[in-house]
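> I'd like to ask you about the structure that follows.
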Amino acid sequence: MKTVVVLVACVLGMAVARPDLHTHLYGAQVLRVVPEEAAQVYYLKGLQLQNYFDFWTEPRAIGSPVDIMTTAFQIPLLKHTLTHVGLEFRTMISNVGELVAQQKAAREGARASGPLSLDWTSYYDYEEIMAWLDTLATEYPELCTVEEVGNSYEDRVMKLLKLGKGGADKPIIFIDGGIHAREWIAPATVTYIVNELVTHSDTYDDLLSNVNFYVMPVINPDGYAYTFTDDRLWRKTRSPTNSVLGCRGADPNRNWSFHWNEVGASDSPCSDIYAGPEPFSEVEMRNVRDQINKYADNIKSYLTFHSYSQLWMYPWGYTSDLPEDWQDLDDLAVAAVEALTAVHGTTYEIGSSTNTIYAAAGGSDDWAKGEAGVKYSYTIELRDTGRYGFLLPEDQIIPTGEETFEGVKVVANFIRDTYSP
Ligand SMILES: [Zn+2]
């Protein structure tokens with residue numbers, strides 16, 4: 001097995017890791033393989049660390065599908081490589097660039113005629129989402145305040161929305177999205193949830209009087225902006241690295257200090273799972289960390305939204321060991337997913353990160369529980385299961401928001417019942 005990894009490395013010895021140009025997506029494909037033995041899982045993990053292919057989902061276990069994007073140029077090489085280790089593949093997306101272009105055209109068409117306000121029929125860029133937060137603070141001053149909590153590497157202002165009317169001593173649910181730039185459904189869903197609470201505040205009066213929601217919809221602003229302007233499939237931050245190849249950015253969800261870089265991350269600045277040169281090297285993650293620390297005594301739940309795969313996960317991500325109170329986290333996750341599934345029949349897997357997905361240290365959910373002491377810390381991987389992956393069509397934003405809101409409400413009601421004085 002190892003020899004094949006070496007072979008790939010040699011063949012592509014001169015190759016540069018994924019170029020930033022949007023054009024690298026034209027003719028690109030996403031292939032799915034399902035490893036059937038441990039050696040194949042091991043092989044795929046090695047292949048991922050070579051940085052030649054963009055792993056949309058990570059190798060986790062026997063029987064769990066792995067989606068790999070390859071440039072048009074490298075399709076024959078990837079197919080040959082997979083075949084060589086006995087992995088059958090099927091094509092999930094036959095032309096990534098074409099799909100990106102189609103969705104971009106549809107979005108621009110909608111934007112040309114549509115209102116400036118968000119309506120969740122298309123995806124919105126960073127400036128639009130931040131402007132919308134400010135609008136909430138203006139239109140619902142008794143419910144919403146917005147604070148500037150720092151700047152990104154490229155100097156974008158990061159904002160924290162505080163939503164609630166019970167006063168500062170109430171328990172807090174801290175919600176974020178968009179840590180991985182290309183996972184557009186995450187900020188869309190987080191803003192959808194906020195909008196539901198704000199525009200139906202009478203319905204949720206009891207909840208909003210007893211629980212505070214602290215929300216940062218897009219915590220990787222530079223990466224997110226870059227997915228709109230340059231590379232739709234960008235994942236990381238945009239900070240410079242020491243790479244001679246000019247590779248930029250760290251994986252912000254490998255950058256947190258709890259068991260940083262112990263497993264499931266890379267030291268290579270060109271890798272999509274680059275942990276960064278040190279814990280909290282990324283200013284955006286320091287900004288979020290500072291807010292969580294500031295309110296840690298009152299934060300009872302941390303919800304961080306990703307896509308895709310439909311998973312509701314709790315710590316730990318750095319080890320297959322479970323937290324002592326894992327049963328509490330599992331029980332609440334089961335209840336939340338039950339409510340989520342009841343809306344549109346969307347099924348989710350539940351479990352600890354390591355046992356559900358793969359071991360990966362340096363994640364924000366592990367840090368929130370392990371360092372900040374937030375008991376109910378969850379990473380939620382939204383729709384879908386790979387038909388579109390990160391390129392989830394806009395007409396799925398509202399259904400995703402509807403079902404996820406039901407799950408979040410279960411968590412929120414539980415936090416109110418358990419912690420509100
Ligand atoms: Zn993610």
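Residues in the structure tokens are numbered from 1 in each chain, the chains being A, B, ... in the order shown, and ligands are numbered from 1 in the order shown.
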Using only C-alpha atoms and all ligand atoms, what does the table of chain A residues within 8 Å of ligand 1 look like, with each row giving the shortest atom pair and its distance in Å to one decimal, sorted by chain and ascending number, as a Markdown table?


| residue | atom | partner | partner_atom_place_in_ligand_line | distance |
| --- | --- | --- | --- | --- |
| A:Gly178 | CA | ligand 1 | 1 (Zn) | 7.7 |
| A:Ile179 | CA | ligand 1 | 1 (Zn) | 6.6 |
| A:His180 | CA | ligand 1 | 1 (Zn) | 4.8 |
| A:Glu183 | CA | ligand 1 | 1 (Zn) | 6.4 |
| A:Arg235 | CA | ligand 1 | 1 (Zn) | 7.9 |
| A:Asn253 | CA | ligand 1 | 1 (Zn) | 7.4 |
| A:Phe305 | CA | ligand 1 | 1 (Zn) | 7.6 |
| A:His306 | CA | ligand 1 | 1 (Zn) | 4.4 |
| A:Ser307 | CA | ligand 1 | 1 (Zn) | 5.6 |
| A:Tyr308 | CA | ligand 1 | 1 (Zn) | 7.4 |
| A:Glu381 | CA | ligand 1 | 1 (Zn) | 7.3 |

> Include N, CA, C and O atoms and write out the residues we just selected as a compact mmCIF listing (two decimals), in the first residue's frame.


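Below is the file result34.txt, written as the result:
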# COMPACT_ATOMS: atom_id res chain seq x y z
N GLY A 178 -19.65 28.55 9.44
CA GLY A 178 -18.73 29.05 8.43
C GLY A 178 -17.27 28.98 8.81
O GLY A 178 -16.45 29.70 8.25
N ILE A 179 -16.91 28.12 9.76
CA ILE A 179 -15.49 27.98 10.10
C ILE A 179 -14.74 27.42 8.88
O ILE A 179 -13.60 27.79 8.63
N HIS A 180 -15.40 26.55 8.16
CA HIS A 180 -14.86 26.07 6.87
C HIS A 180 -15.56 26.84 5.75
O HIS A 180 -16.78 26.79 5.60
N GLU A 183 -18.42 25.67 3.19
CA GLU A 183 -19.63 25.01 3.70
C GLU A 183 -20.75 26.04 3.84
O GLU A 183 -21.19 26.39 4.92
N ARG A 235 -11.36 26.11 1.69
CA ARG A 235 -11.78 25.64 3.02
C ARG A 235 -11.15 26.44 4.17
O ARG A 235 -11.79 26.70 5.18
N ASN A 253 -10.40 24.72 11.94
CA ASN A 253 -10.94 23.72 12.87
C ASN A 253 -9.90 22.65 13.23
O ASN A 253 -10.23 21.58 13.72
N PHE A 305 -21.67 24.84 13.30
CA PHE A 305 -22.28 24.24 12.12
C PHE A 305 -21.31 24.10 10.95
O PHE A 305 -20.61 25.06 10.59
N HIS A 306 -21.32 22.91 10.39
CA HIS A 306 -20.51 22.54 9.23
C HIS A 306 -21.41 21.87 8.19
O HIS A 306 -22.58 21.64 8.42
N SER A 307 -20.82 21.52 7.05
CA SER A 307 -21.44 20.56 6.14
C SER A 307 -20.30 19.77 5.51
O SER A 307 -19.15 20.23 5.55
N TYR A 308 -20.52 18.59 4.93
CA TYR A 308 -21.79 17.94 4.83
C TYR A 308 -21.66 16.54 5.39
O TYR A 308 -20.53 16.15 5.74
N GLU A 381 -22.92 18.53 11.25
CA GLU A 381 -22.66 18.50 9.81
C GLU A 381 -24.01 18.45 9.11
O GLU A 381 -24.72 17.45 9.19

> May I have the residues within 8 Å of A:Arg238 as a count of residues only, using only C-alpha atoms and disregarding those fewer than 6 positions away in the same chain?

7

> As a list in words, which residues of stretch 236-365 of chain A does DSSP assign to strand (DSSP E)?

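The strand (DSSP E) subset of stretch 236-365 of chain A is Ile299, Lys300, Ser301, Tyr302, Leu303, Thr304, Phe305, His306, Ser307, Leu311, Trp312, Met313, Tyr314, Glu349, Ile350, Gly351 and Ser352 of chain A.
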
> Pick from A:Met285, A:Val85, A:Cys270, A:Val334: nearest to A:Val411, with only C-alpha atoms counted?

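Among the listed residues, A:Val334 lies closest to A:Val411.
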
> Nearest residue to A:Ser268 out of A:Glu142, A:Asn51, A:Glu128, A:Pro65, using only C-alpha atoms?

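Result for the nearest residue to A:Ser268: A:Asn51.
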
> What's around A:Cys144 at 6 Å? Count only C-alpha atoms, leave out sequence neighbours fewer than 2 positions away in its own chain, and write the answer as a list in words.

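Here the answer would be Ala137, Tyr140, Pro141, Lys162 and Leu163 of chain A.
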
> Return as a Markdown table the residues of stretch 93-148 of chain A lying at most 10 Å from stretch 388-392 of chain A, together with the closest atom-to-atom pair for each and the distance in Å to one decimal, counting only C-alpha atoms, with rows in chain order and ascending residue number.


| residue | atom | partner | partner_atom | distance |
| --- | --- | --- | --- | --- |
| A:Ile93 | CA | A:Tyr388 | CA | 7.3 |
| A:Val96 | CA | A:Leu391 | CA | 8.8 |
| A:Leu99 | CA | A:Leu391 | CA | 7.8 |
| A:Val100 | CA | A:Leu391 | CA | 7.3 |
| A:Gln103 | CA | A:Leu391 | CA | 8.3 |

> Between A:Tyr42, A:Tyr126, A:Trp120, A:Tyr314, single out the one closest to A:Ile193, counting only C-alpha atoms.

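Closest residue, counting only C-alpha atoms: A:Trp120.
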
> What is the distance, in Å and to one decimal place, between atom CA of A:Ser94 and atom CA of A:Gly345?

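So the two atoms, atom CA of A:Ser94 and atom CA of A:Gly345, lie 27.4 Å apart.
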
> Stretch 156-206 of chain A near stretch 274-284 of chain A within 10 Å: what's each residue's closest atom pair and its distance in Å to one decimal, counting only C-alpha atoms, ordered by chain then ascending residue number, as a Markdown table?


| residue | atom | partner | partner_atom | distance |
| --- | --- | --- | --- | --- |
| A:Arg156 | CA | A:Glu284 | CA | 9.8 |
| A:Val157 | CA | A:Glu284 | CA | 10.0 |
| A:Met158 | CA | A:Glu284 | CA | 8.1 |
| A:Ile179 | CA | A:Glu284 | CA | 9.3 |

> Nearest to A:Ala188 among A:Gly362, A:Pro217, A:Gly264, A:Gly150, with distances taken over only C-alpha atoms: which residue is it?

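Looking at the shortest contact to A:Ala188, the residue is A:Pro217.
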
> From the DSSP assignment of the backbone, select every residue of stretch 72-145 of chain A that is alpha helix (DSSP H), and format the answer as JSON, numbers by chain.

{"A": [75, 76, 77, 78, 79, 80, 81, 82, 83, 84, 96, 97, 98, 99, 100, 101, 102, 103, 104, 105, 106, 107, 108, 109, 110, 111, 112, 113, 126, 127, 128, 129, 130, 131, 132, 133, 134, 135, 136, 137, 138, 139]}

> Taking only C-alpha atoms into account, which of A:Leu25, A:Ala361, A:Val244, A:Leu31 comes nearest A:Val263?

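Among A:Leu25, A:Ala361, A:Val244, A:Leu31, it is A:Ala361 that comes nearest to A:Val263.
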
> Measure the distance from atom CA of A:Ile173 to atom CA of A:Phe213 in Å and round it to one decimal.

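Computing the Euclidean distance for atom CA of A:Ile173 and atom CA of A:Phe213 yields 5.0 Å.
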
> So that I can see what lies close to A:Tyr358, please list as a VMD selection string the residues with an atom at most 12 Å from it, counting only C-alpha atoms and leaving out residues fewer than 5 positions away in the same chain.

chain A and resid 41 to 42 45 57 to 62 64 66 263 to 265 313 315 to 320 351 to 353 363

> Fewer than 6 positions away in the same chain doesn't count, so skip those; otherwise give me all residues within 9 Å of A:Asp125, counting only C-alpha atoms, as a VMD selection string.

chain A and resid 224 to 225 228

> Can I get the selected residues back with N, CA, C and O atoms, as a PDB file, in the first residue's frame?


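again21.pdb, written as the output of this step:
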ATOM      1  N   TYR A 224     -14.384  32.711   3.605  1.00  0.00           N
ATOM      2  CA  TYR A 224     -15.741  32.757   3.064  1.00  0.00           C
ATOM      3  C   TYR A 224     -15.813  33.749   1.907  1.00  0.00           C
ATOM      4  O   TYR A 224     -16.369  33.434   0.838  1.00  0.00           O
ATOM      5  N   ALA A 225     -15.239  34.927   2.089  1.00  0.00           N
ATOM      6  CA  ALA A 225     -15.229  35.916   1.000  1.00  0.00           C
ATOM      7  C   ALA A 225     -14.514  35.359  -0.234  1.00  0.00           C
ATOM      8  O   ALA A 225     -14.954  35.561  -1.373  1.00  0.00           O
ATOM      9  N   PHE A 228     -16.461  33.320  -2.635  1.00  0.00           N
ATOM     10  CA  PHE A 228     -17.345  34.075  -3.532  1.00  0.00           C
ATOM     11  C   PHE A 228     -16.578  34.718  -4.683  1.00  0.00           C
ATOM     12  O   PHE A 228     -17.118  34.899  -5.768  1.00  0.00           O
TER      13      PHE A 228
END
